[in-house]
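Content type CSV, C-alpha atoms (C1' of nucleotides), from the file final23.csv:
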chain,number,residue,atom,x,y,z
H,1,MET,CA,-0.2,75.0,67.0
H,2,ALA,CA,1.9,76.1,64.1
H,3,ASP,CA,0.3,76.1,60.7
H,4,THR,CA,2.5,73.2,59.8
H,5,ASP,CA,0.5,71.0,62.2
H,6,PRO,CA,-1.0,68.3,59.9
H,7,GLY,CA,-4.2,68.5,61.9
H,8,THR,CA,-4.9,72.1,61.2
H,9,ALA,CA,-3.1,72.9,57.9
H,10,GLU,CA,-5.3,73.5,54.9
H,11,ARG,CA,-5.1,70.6,52.5
H,12,LEU,CA,-5.9,69.9,48.8
H,13,ASP,CA,-9.1,68.0,48.4
H,14,VAL,CA,-9.2,64.9,46.3
H,15,THR,CA,-11.1,65.6,43.2
H,16,PRO,CA,-12.3,62.9,40.7
H,17,ALA,CA,-9.5,64.0,38.4
H,18,HIS,CA,-6.9,63.4,41.1
H,19,ARG,CA,-8.4,60.1,41.8
H,20,GLU,CA,-8.3,59.0,38.2
H,21,LEU,CA,-4.8,60.2,37.8
H,22,LEU,CA,-3.5,58.3,40.8
H,23,ASP,CA,-5.4,55.2,39.7
H,24,GLN,CA,-3.7,55.3,36.4
H,25,VAL,CA,-0.2,55.9,37.8
H,26,LEU,CA,-0.2,53.9,41.0
H,27,ASP,CA,-1.9,50.8,39.7
H,28,LYS,CA,-0.7,47.3,40.3
H,29,TRP,CA,2.4,47.2,38.1
H,30,SER,CA,3.2,50.9,37.4
H,31,LEU,CA,5.5,51.4,40.3
H,32,GLU,CA,7.7,48.5,39.2
H,33,VAL,CA,7.7,49.6,35.6
H,34,LEU,CA,8.7,53.1,36.7
H,35,ASN,CA,11.4,51.8,39.0
H,36,THR,CA,12.9,49.7,36.1
H,37,LEU,CA,12.6,52.4,33.5
H,38,CYS,CA,14.2,55.0,35.9
H,39,GLU,CA,17.3,52.8,36.0
H,40,ARG,CA,17.6,52.5,32.2
H,41,PRO,CA,15.4,52.4,29.0
H,42,SER,CA,14.2,48.9,28.4
H,43,ARG,CA,12.7,46.7,25.7
H,44,PHE,CA,9.4,45.0,26.2
H,45,ASN,CA,10.9,41.6,27.1
H,46,GLU,CA,13.5,43.2,29.3
H,47,LEU,CA,10.7,44.6,31.3
H,48,ARG,CA,9.1,41.2,31.5
H,49,GLN,CA,12.3,39.7,32.8
H,50,ALA,CA,12.8,42.5,35.3
H,51,ILE,CA,9.2,42.0,36.5
H,52,PRO,CA,8.7,38.3,36.2
H,53,ALA,CA,5.2,38.3,37.8
H,54,VAL,CA,3.6,40.5,35.3
H,55,SER,CA,1.6,39.1,32.4
H,56,GLN,CA,2.1,40.2,28.8
H,57,LYS,CA,-1.3,41.7,28.7
H,58,SER,CA,-0.9,43.6,31.9
H,59,LEU,CA,2.5,44.9,31.0
H,60,SER,CA,1.2,46.0,27.7
H,61,ALA,CA,-1.8,47.8,29.2
H,62,THR,CA,0.4,49.4,31.9
H,63,LEU,CA,2.8,50.7,29.3
H,64,ARG,CA,0.1,52.1,27.1
H,65,ARG,CA,-1.6,53.8,30.1
H,66,LEU,CA,1.7,55.3,31.2
H,67,GLU,CA,2.5,56.4,27.7
H,68,ARG,CA,-0.9,58.0,27.3
H,69,ASN,CA,-0.3,60.0,30.5
H,70,GLY,CA,3.0,61.2,29.3
H,71,ILE,CA,5.0,59.2,31.9
H,72,VAL,CA,6.8,56.9,29.6
H,73,GLU,CA,7.8,57.2,25.9
H,74,ARG,CA,7.6,54.4,23.4
H,75,ARG,CA,10.3,54.5,20.8
H,76,VAL,CA,10.4,52.1,17.8
H,77,LEU,CA,14.1,51.5,17.1
H,78,SER,CA,14.0,49.3,14.0
H,79,SER,CA,11.5,47.4,11.9
H,80,ARG,CA,12.8,44.0,11.2
H,81,PRO,CA,12.8,42.3,13.6
H,82,VAL,CA,10.7,44.9,15.5
H,83,ALA,CA,12.6,46.6,18.3
H,84,VAL,CA,10.9,48.9,20.7
H,85,GLU,CA,12.3,50.8,23.6
H,86,TYR,CA,10.5,52.3,26.5
H,87,ARG,CA,12.0,55.2,28.5
H,88,ILE,CA,10.9,57.5,31.3
H,89,THR,CA,10.0,61.0,30.3
H,90,PRO,CA,10.9,64.2,32.1
H,91,LEU,CA,7.3,64.3,33.4
H,92,GLY,CA,7.7,60.7,34.5
H,93,LYS,CA,10.8,61.6,36.5
H,94,THR,CA,8.9,64.1,38.5
H,95,LEU,CA,6.9,61.1,39.9
H,96,ARG,CA,10.0,59.6,41.5
H,97,SER,CA,10.1,61.9,44.5
H,98,PRO,CA,6.5,61.4,45.7
H,99,VAL,CA,6.5,57.7,44.9
H,100,ASP,CA,9.8,57.3,46.8
H,101,ALA,CA,8.3,59.1,49.8
H,102,LEU,CA,5.4,56.7,49.7
H,103,LEU,CA,7.7,53.6,49.4
H,104,ASP,CA,9.9,54.9,52.2
H,105,TRP,CA,6.8,55.3,54.3
H,106,ALA,CA,5.5,51.8,53.5
H,107,ASP,CA,8.9,50.3,54.2
H,108,GLY,CA,9.4,52.2,57.4
H,109,HIS,CA,5.9,51.4,58.9
H,110,LEU,CA,5.3,47.9,57.5
H,111,GLY,CA,6.3,46.4,60.8
H,112,ALA,CA,3.9,48.5,62.8
H,113,ILE,CA,1.1,47.9,60.4
H,114,GLU,CA,1.5,44.2,60.4
H,115,ALA,CA,1.4,44.3,64.2
H,116,ALA,CA,-1.8,46.3,64.0
H,117,ARG,CA,-3.3,43.7,61.6
H,118,ARG,CA,-2.4,40.9,63.9
H,119,ALA,CA,-3.9,42.7,66.9
H,120,TYR,CA,-7.1,43.4,65.0
H,121,ASP,CA,-7.4,39.8,63.6
H,122,GLU,CA,-6.8,38.5,67.1
H,123,ALA,CA,-9.4,40.6,68.7
H,124,GLU,CA,-12.1,40.0,66.1
H,125,PRO,CA,-12.4,36.3,65.2
H,126,THR,CA,-16.0,37.2,64.4
H,127,ALA,CA,-17.4,34.2,66.1
H,128,SER,CA,-16.4,30.6,65.1
A,1,MET,CA,26.1,62.6,38.3
A,2,ALA,CA,25.4,63.1,42.0
A,3,ASP,CA,24.0,60.1,43.9
A,4,THR,CA,20.8,62.2,44.2
A,5,ASP,CA,20.2,61.7,40.5
A,6,PRO,CA,17.0,59.8,40.2
A,7,GLY,CA,18.4,57.8,37.3
A,8,THR,CA,21.2,56.2,39.2
A,9,ALA,CA,20.2,56.3,42.9
A,10,GLU,CA,19.5,52.9,44.5
A,11,ARG,CA,15.9,52.4,45.2
A,12,LEU,CA,13.6,50.3,47.3
A,13,ASP,CA,12.0,47.5,45.2
A,14,VAL,CA,8.3,47.0,45.4
A,15,THR,CA,7.6,43.8,47.3
A,16,PRO,CA,4.1,42.2,47.4
A,17,ALA,CA,3.8,43.4,51.0
A,18,HIS,CA,4.4,46.9,49.9
A,19,ARG,CA,1.9,46.5,47.1
A,20,GLU,CA,-0.8,45.1,49.4
A,21,LEU,CA,-0.1,47.9,51.9
A,22,LEU,CA,-0.5,50.6,49.3
A,23,ASP,CA,-3.6,49.0,47.9
A,24,GLN,CA,-5.2,49.0,51.4
A,25,VAL,CA,-4.2,52.6,52.2
A,26,LEU,CA,-4.5,54.3,48.8
A,27,ASP,CA,-7.8,52.8,47.6
A,28,LYS,CA,-10.6,54.7,46.1
A,29,TRP,CA,-11.9,56.4,49.3
A,30,SER,CA,-9.1,56.2,51.8
A,31,LEU,CA,-7.5,59.5,50.9
A,32,GLU,CA,-10.7,61.4,51.4
A,33,VAL,CA,-11.4,59.6,54.7
A,34,LEU,CA,-7.9,60.4,55.9
A,35,ASN,CA,-8.2,64.0,54.8
A,36,THR,CA,-11.4,64.4,56.7
A,37,LEU,CA,-10.3,62.6,59.9
A,38,CYS,CA,-7.0,64.6,59.9
A,39,GLU,CA,-9.2,67.7,60.3
A,40,ARG,CA,-11.2,66.3,63.2
A,41,PRO,CA,-12.6,63.1,64.6
A,42,SER,CA,-15.9,62.3,63.0
A,43,ARG,CA,-18.9,60.1,63.3
A,44,PHE,CA,-20.0,57.7,60.6
A,45,ASN,CA,-22.7,59.9,59.1
A,46,GLU,CA,-20.5,63.0,59.4
A,47,LEU,CA,-18.0,61.2,57.1
A,48,ARG,CA,-20.8,60.4,54.7
A,49,GLN,CA,-21.7,64.0,54.6
A,50,ALA,CA,-18.1,65.1,54.2
A,51,ILE,CA,-17.7,62.6,51.3
A,52,PRO,CA,-21.1,62.6,49.7
A,53,ALA,CA,-20.2,60.3,46.8
A,54,VAL,CA,-19.2,57.3,49.0
A,55,SER,CA,-21.8,54.6,49.6
A,56,GLN,CA,-22.4,53.2,53.1
A,57,LYS,CA,-20.9,49.9,52.2
A,58,SER,CA,-17.7,51.4,50.8
A,59,LEU,CA,-17.3,53.8,53.7
A,60,SER,CA,-17.8,51.0,56.1
A,61,ALA,CA,-15.3,48.8,54.3
A,62,THR,CA,-12.8,51.6,54.0
A,63,LEU,CA,-13.0,52.4,57.7
A,64,ARG,CA,-12.6,48.7,58.8
A,65,ARG,CA,-9.7,48.3,56.5
A,66,LEU,CA,-8.0,51.5,57.8
A,67,GLU,CA,-8.8,50.4,61.3
A,68,ARG,CA,-7.2,47.0,60.8
A,69,ASN,CA,-4.1,48.6,59.5
A,70,GLY,CA,-3.8,50.8,62.5
A,71,ILE,CA,-4.5,54.0,60.5
A,72,VAL,CA,-7.7,55.0,62.2
A,73,GLU,CA,-9.3,54.2,65.5
A,74,ARG,CA,-12.9,53.3,66.1
A,75,ARG,CA,-14.3,54.5,69.4
A,76,VAL,CA,-17.8,53.7,70.7
A,77,LEU,CA,-19.0,56.7,72.6
A,78,SER,CA,-22.4,55.6,74.0
A,79,SER,CA,-24.7,52.7,73.5
A,80,ARG,CA,-28.2,54.0,73.2
A,81,PRO,CA,-28.6,55.4,70.6
A,82,VAL,CA,-25.3,54.1,69.3
A,83,ALA,CA,-22.6,56.7,68.8
A,84,VAL,CA,-19.3,55.9,67.2
A,85,GLU,CA,-16.4,58.2,66.5
A,86,TYR,CA,-13.5,57.6,64.1
A,87,ARG,CA,-10.2,59.3,64.6
A,88,ILE,CA,-6.8,59.2,63.0
A,89,THR,CA,-4.0,57.4,64.9
A,90,PRO,CA,-0.4,58.5,65.4
A,91,LEU,CA,0.5,55.9,62.8
A,92,GLY,CA,-2.1,57.3,60.5
A,93,LYS,CA,-0.7,60.8,60.8
A,94,THR,CA,2.6,59.6,59.4
A,95,LEU,CA,0.8,58.9,56.2
A,96,ARG,CA,0.0,62.6,55.7
A,97,SER,CA,3.4,63.7,54.5
A,98,PRO,CA,3.8,61.1,51.7
A,99,VAL,CA,0.2,61.4,50.6
A,100,ASP,CA,0.4,65.1,50.5
A,101,ALA,CA,3.5,64.9,48.4
A,102,LEU,CA,1.5,62.7,46.0
A,103,LEU,CA,-1.5,65.0,46.0
A,104,ASP,CA,0.8,68.0,45.4
A,105,TRP,CA,2.4,66.1,42.5
A,106,ALA,CA,-1.0,65.2,41.0
A,107,ASP,CA,-2.2,68.8,41.4
A,108,GLY,CA,0.9,70.3,39.9
A,109,HIS,CA,1.1,68.1,36.9
A,110,LEU,CA,-2.5,67.5,36.1
A,111,GLY,CA,-2.4,70.0,33.3
A,112,ALA,CA,0.6,68.5,31.6
A,113,ILE,CA,-0.9,65.0,31.9
A,114,GLU,CA,-4.2,66.0,30.5
A,115,ALA,CA,-2.3,67.6,27.6
A,116,ALA,CA,-0.4,64.4,27.1
A,117,ARG,CA,-3.6,62.4,27.1
A,118,ARG,CA,-5.2,64.7,24.5
A,119,ALA,CA,-2.1,64.4,22.3
A,120,TYR,CA,-2.1,60.6,22.6
A,121,ASP,CA,-5.8,60.3,21.9
A,122,GLU,CA,-5.5,62.7,18.9
A,123,ALA,CA,-2.7,60.7,17.4
A,124,GLU,CA,-4.2,57.2,17.9
A,125,PRO,CA,-7.8,57.3,16.8
A,126,THR,CA,-7.2,53.5,16.2
A,127,ALA,CA,-9.5,53.5,13.2
A,128,SER,CA,-13.1,54.6,13.6
K,1,DC,C1',-27.5,56.0,64.3
K,2,DG,C1',-24.4,52.9,62.4
K,3,DG,C1',-24.0,49.6,60.4
K,4,DT,C1',-24.5,44.3,57.8
K,5,DA,C1',-26.5,41.2,54.0
K,6,DT,C1',-27.5,40.4,49.4
K,7,DC,C1',-27.5,41.2,44.6
K,8,DC,C1',-25.4,42.6,40.6
K,9,DG,C1',-22.8,45.0,36.8
K,10,DG,C1',-18.3,46.7,35.5
K,11,DT,C1',-13.3,46.2,35.6
K,12,DG,C1',-8.6,44.3,36.4
K,13,DG,C1',-5.8,41.1,35.4
K,14,DG,C1',-4.1,36.1,34.5
K,15,DA,C1',-3.8,32.1,30.9
K,16,DT,C1',-3.7,31.0,26.5
K,17,DA,C1',-3.6,31.4,21.6
K,18,DC,C1',-2.5,33.9,17.6
K,19,DT,C1',-0.1,37.7,14.6
K,20,DG,C1',3.0,41.3,11.9
R,1,DC,C1',10.4,40.5,19.2
R,2,DA,C1',6.4,42.8,20.6
R,3,DG,C1',2.5,42.7,20.9
R,4,DT,C1',-3.2,41.8,20.2
R,5,DA,C1',-7.5,38.8,20.9
R,6,DT,C1',-10.3,36.0,23.5
R,7,DC,C1',-11.9,33.8,27.5
R,8,DC,C1',-12.7,33.8,32.1
R,9,DC,C1',-13.1,34.7,36.8
R,10,DA,C1',-12.3,37.3,41.2
R,11,DC,C1',-13.0,41.3,43.2
R,12,DC,C1',-14.6,46.3,43.7
R,13,DG,C1',-17.9,49.1,44.5
R,14,DG,C1',-22.9,50.9,43.9
R,15,DA,C1',-28.0,50.1,45.1
R,16,DT,C1',-31.2,48.3,48.0
R,17,DA,C1',-33.0,46.1,51.9
R,18,DC,C1',-32.8,44.9,56.5
R,19,DC,C1',-31.1,45.0,61.7
R,20,DG,C1',-29.5,46.1,66.7

Do you think you could lay out the structure here as structure tokens?
Amino acid sequence: MADTDPGTAERLDVTPAHRELLDQVLDKWSLEVLNTLCERPSRFNELRQAIPAVSQKSLSATLRRLERNGIVERRVLSSRPVAVEYRITPLGKTLRSPVDALLDWADGHLGAIEAARRAYDEAEPTAS
Amino acid sequence: MADTDPGTAERLDVTPAHRELLDQVLDKWSLEVLNTLCERPSRFNELRQAIPAVSQKSLSATLRRLERNGIVERRVLSSRPVAVEYRITPLGKTLRSPVDALLDWADGHLGAIEAARRAYDEAEPTAS
DNA sequence: CGGTATCCGGTGGGATACTG
DNA sequence: CAGTATCCCACCGGATACCG
């Protein structure tokens, strides 16, 4: 086997810090926020329109979390009426490639996985 | 700009099915389970030793979830005393590459992100 | 050995109401 | 417009006890 064999290659272990980071960056709404902000900087309510299913509270929390992690930048544009713009940072852009890889994987294997789920659920009606 | 520019490239949107899939596969313990099973097939208690922080319940739930999604396979080896082996499936192996990309990203940018967090927390003591 | 059942506290996130 | 505050509940995951 070559050392590129995924079964034998040495791999990074998942430390608590890695875990926390992924939790902060891959939570329920972050990916959609990232996707939107990678297309263009957006105002708060533009994001709400772009992601209709998110609540005010969750969008606000997601943005603050991403801001704290240096993934997005919050920019106050004017003060009356208040205008705020969110944009992706250079650090945030580096997230694109691995996240896209993940999304591509999910998209490419969704069919196989749904088939596996059906097979599993079929086989294990757990009595009834 | 080339069409490889992350700011202009067309991207997959994140559907609820994608979200659910990622939630099932990237949850708290799945990555460590995957990492361990990619090295070698393992018994239940071997996994507990390899991942000391996981509880029985969570490990069991993680394994059943991954099994249902076709990522790992559960194999009963003998019946008295019970021996069970878990191993990664071919489908599960396809997860390696995108997950490694993510882990590499996390590892490579952890320092910058921790710096961003310190800067943010410093600037926003939010009273006290 | 390899789990399941039960309890239980903390957290995520929606709905709603209010504010600068 | 861009949030925060409050309430509330569902779910996650740990601890413990029990089972085939």

TODO: Just need the residues of chain K within 12 Å of chain H, counting only C-alpha atoms (C1' of nucleotides), so spit them out as a count of residues only.
DONE: 6

Set the cut-off to 8 Å and count only C-alpha atoms (C1' of nucleotides): what are the residues of chain R that reach chain H? Output as a VMD selection string. chain R and resid 1 to 3

Against chain A, which residues of chain H fall within 7 Å? For each one I want the closest pair of atoms and the distance in Å (one decimal), counting all atoms listed in the file, rows by chain and increasing residue number, as JSON lines.
{"residue": "H:Gly7", "atom": "CA", "partner": "A:Cys38", "partner_atom": "CA", "distance": 5.2}
{"residue": "H:Thr8", "atom": "CA", "partner": "A:Glu39", "partner_atom": "CA", "distance": 6.2}
{"residue": "H:Val14", "atom": "CA", "partner": "A:Glu32", "partner_atom": "CA", "distance": 6.4}
{"residue": "H:His18", "atom": "CA", "partner": "A:Ala106", "partner_atom": "CA", "distance": 6.2}
{"residue": "H:Glu32", "atom": "CA", "partner": "A:Val14", "partner_atom": "CA", "distance": 6.4}
{"residue": "H:Cys38", "atom": "CA", "partner": "A:Gly7", "partner_atom": "CA", "distance": 5.2}
{"residue": "H:Glu39", "atom": "CA", "partner": "A:Gly7", "partner_atom": "CA", "distance": 5.3}
{"residue": "H:Arg68", "atom": "CA", "partner": "A:Arg117", "partner_atom": "CA", "distance": 5.2}
{"residue": "H:Asn69", "atom": "CA", "partner": "A:Ile113", "partner_atom": "CA", "distance": 5.2}
{"residue": "H:Gly70", "atom": "CA", "partner": "A:Ala116", "partner_atom": "CA", "distance": 5.2}
{"residue": "H:Pro98", "atom": "CA", "partner": "A:Leu102", "partner_atom": "CA", "distance": 5.2}
{"residue": "H:Ala101", "atom": "CA", "partner": "A:Pro98", "partner_atom": "CA", "distance": 5.3}
{"residue": "H:Leu102", "atom": "CA", "partner": "A:Pro98", "partner_atom": "CA", "distance": 5.1}
{"residue": "H:Ala106", "atom": "CA", "partner": "A:His18", "partner_atom": "CA", "distance": 6.2}
{"residue": "H:Ile113", "atom": "CA", "partner": "A:Asn69", "partner_atom": "CA", "distance": 5.3}
{"residue": "H:Ala116", "atom": "CA", "partner": "A:Gly70", "partner_atom": "CA", "distance": 5.1}
{"residue": "H:Arg117", "atom": "CA", "partner": "A:Arg68", "partner_atom": "CA", "distance": 5.2}
{"residue": "H:Tyr120", "atom": "CA", "partner": "A:Arg68", "partner_atom": "CA", "distance": 5.5}

CA of Leu34 in chain H to CA of Ala53 in chain H measures 15.2 Å

Expressed in Å, the length from CA of Leu59 in chain H to CA of Tyr86 in chain H is 11.8 Å

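For the pair CA of Glu122 in chain H and C1' of DA10 in chain R, the interatomic distance is 26.5 Å.
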
Quiz item: So which residues are close to (-31.0, 43.2, 63.6), meaning at most 12 Å away in the file's coordinates with all atoms listed in the file counted, and can you show them as a list in words?
Solution: DG2, DG3, DT4 and DA5 of chain K; DC18, DC19 and DG20 of chain R

DT16 in chain R: which residues within 10 Å, counting all atoms listed in the file, same-chain residues fewer than 2 positions away excluded, as JSON, numbers by chain? {"K": [6, 7], "R": [14, 18]}

Export range 88-122 of chain A from the structure block above, keeping N, CA and C atoms, as an mmCIF file, in the first residue's frame.
data_model
loop_
_atom_site.group_PDB
_atom_site.id
_atom_site.type_symbol
_atom_site.label_atom_id
_atom_site.label_comp_id
_atom_site.auth_asym_id
_atom_site.auth_seq_id
_atom_site.Cartn_x
_atom_site.Cartn_y
_atom_site.Cartn_z
ATOM 1 N N ILE A 88 -15.190 0.350 8.870
ATOM 2 C CA ILE A 88 -15.597 1.388 7.922
ATOM 3 C C ILE A 88 -16.048 0.740 6.618
ATOM 4 N N THR A 89 -17.044 1.292 5.979
ATOM 5 C CA THR A 89 -17.513 0.783 4.686
ATOM 6 C C THR A 89 -16.816 1.544 3.554
ATOM 7 N N PRO A 90 -16.933 1.058 2.332
ATOM 8 C CA PRO A 90 -16.405 1.828 1.188
ATOM 9 C C PRO A 90 -17.008 3.238 1.136
ATOM 10 N N LEU A 91 -18.302 3.326 1.382
ATOM 11 C CA LEU A 91 -18.938 4.644 1.425
ATOM 12 C C LEU A 91 -18.317 5.510 2.510
ATOM 13 N N GLY A 92 -18.065 4.907 3.654
ATOM 14 C CA GLY A 92 -17.451 5.642 4.744
ATOM 15 C C GLY A 92 -16.067 6.164 4.384
ATOM 16 N N LYS A 93 -15.338 5.378 3.604
ATOM 17 C CA LYS A 93 -13.991 5.814 3.227
ATOM 18 C C LYS A 93 -14.021 7.067 2.359
ATOM 19 N N THR A 94 -15.111 7.248 1.626
ATOM 20 C CA THR A 94 -15.196 8.450 0.784
ATOM 21 C C THR A 94 -15.322 9.714 1.624
ATOM 22 N N LEU A 95 -15.644 9.536 2.893
ATOM 23 C CA LEU A 95 -15.771 10.690 3.787
ATOM 24 C C LEU A 95 -14.404 11.221 4.217
ATOM 25 N N ARG A 96 -13.408 10.346 4.162
ATOM 26 C CA ARG A 96 -12.080 10.706 4.630
ATOM 27 C C ARG A 96 -11.561 11.996 4.038
ATOM 28 N N SER A 97 -11.594 12.072 2.727
ATOM 29 C CA SER A 97 -10.965 13.197 2.053
ATOM 30 C C SER A 97 -11.585 14.542 2.443
ATOM 31 N N PRO A 98 -12.905 14.715 2.373
ATOM 32 C CA PRO A 98 -13.464 16.003 2.790
ATOM 33 C C PRO A 98 -13.278 16.287 4.276
ATOM 34 N N VAL A 99 -13.355 15.251 5.104
ATOM 35 C CA VAL A 99 -13.165 15.472 6.533
ATOM 36 C C VAL A 99 -11.721 15.846 6.838
ATOM 37 N N ASP A 100 -10.792 15.201 6.151
ATOM 38 C CA ASP A 100 -9.391 15.564 6.343
ATOM 39 C C ASP A 100 -9.145 17.003 5.914
ATOM 40 N N ALA A 101 -9.778 17.415 4.824
ATOM 41 C CA ALA A 101 -9.631 18.800 4.371
ATOM 42 C C ALA A 101 -10.085 19.754 5.471
ATOM 43 N N LEU A 102 -11.186 19.396 6.098
ATOM 44 C CA LEU A 102 -11.739 20.213 7.177
ATOM 45 C C LEU A 102 -10.798 20.245 8.375
ATOM 46 N N LEU A 103 -10.283 19.086 8.744
ATOM 47 C CA LEU A 103 -9.377 18.996 9.887
ATOM 48 C C LEU A 103 -8.079 19.749 9.605
ATOM 49 N N ASP A 104 -7.598 19.615 8.368
ATOM 50 C CA ASP A 104 -6.394 20.361 8.007
ATOM 51 C C ASP A 104 -6.649 21.863 8.116
ATOM 52 N N TRP A 105 -7.819 22.280 7.654
ATOM 53 C CA TRP A 105 -8.167 23.700 7.758
ATOM 54 C C TRP A 105 -8.187 24.118 9.234
ATOM 55 N N ALA A 106 -8.880 23.345 10.042
ATOM 56 C CA ALA A 106 -8.996 23.693 11.458
ATOM 57 C C ALA A 106 -7.619 23.778 12.092
ATOM 58 N N ASP A 107 -6.782 22.806 11.778
ATOM 59 C CA ASP A 107 -5.455 22.790 12.365
ATOM 60 C C ASP A 107 -4.617 23.972 11.894
ATOM 61 N N GLY A 108 -4.723 24.285 10.609
ATOM 62 C CA GLY A 108 -3.893 25.342 10.054
ATOM 63 C C GLY A 108 -4.297 26.744 10.469
ATOM 64 N N HIS A 109 -5.574 26.917 10.812
ATOM 65 C CA HIS A 109 -6.058 28.258 11.111
ATOM 66 C C HIS A 109 -6.454 28.453 12.567
ATOM 67 N N LEU A 110 -6.212 27.422 13.378
ATOM 68 C CA LEU A 110 -6.616 27.512 14.777
ATOM 69 C C LEU A 110 -5.959 28.701 15.480
ATOM 70 N N GLY A 111 -4.683 28.915 15.177
ATOM 71 C CA GLY A 111 -3.978 30.023 15.799
ATOM 72 C C GLY A 111 -4.607 31.358 15.449
ATOM 73 N N ALA A 112 -4.872 31.573 14.173
ATOM 74 C CA ALA A 112 -5.476 32.834 13.731
ATOM 75 C C ALA A 112 -6.847 33.020 14.356
ATOM 76 N N ILE A 113 -7.573 31.931 14.487
ATOM 77 C CA ILE A 113 -8.929 32.037 15.021
ATOM 78 C C ILE A 113 -8.897 32.322 16.517
ATOM 79 N N GLU A 114 -7.978 31.699 17.217
ATOM 80 C CA GLU A 114 -7.871 31.997 18.650
ATOM 81 C C GLU A 114 -7.458 33.444 18.867
ATOM 82 N N ALA A 115 -6.600 33.953 17.975
ATOM 83 C CA ALA A 115 -6.220 35.365 18.063
ATOM 84 C C ALA A 115 -7.439 36.256 17.834
ATOM 85 N N ALA A 116 -8.251 35.894 16.843
ATOM 86 C CA ALA A 116 -9.460 36.681 16.566
ATOM 87 C C ALA A 116 -10.402 36.662 17.765
ATOM 88 N N ARG A 117 -10.512 35.514 18.405
ATOM 89 C CA ARG A 117 -11.384 35.421 19.579
ATOM 90 C C ARG A 117 -10.877 36.311 20.700
ATOM 91 N N ARG A 118 -9.560 36.278 20.929
ATOM 92 C CA ARG A 118 -9.012 37.126 21.993
ATOM 93 C C ARG A 118 -9.269 38.600 21.689
ATOM 94 N N ALA A 119 -9.049 38.991 20.429
ATOM 95 C CA ALA A 119 -9.266 40.394 20.049
ATOM 96 C C ALA A 119 -10.726 40.782 20.272
ATOM 97 N N TYR A 120 -11.621 39.903 19.886
ATOM 98 C CA TYR A 120 -13.052 40.181 20.038
ATOM 99 C C TYR A 120 -13.432 40.293 21.515
ATOM 100 N N ASP A 121 -12.973 39.338 22.303
ATOM 101 C CA ASP A 121 -13.336 39.327 23.723
ATOM 102 C C ASP A 121 -12.720 40.513 24.456
ATOM 103 N N GLU A 122 -11.557 40.919 24.010
ATOM 104 C CA GLU A 122 -10.899 42.089 24.583
ATOM 105 C C GLU A 122 -11.713 43.349 24.303
#
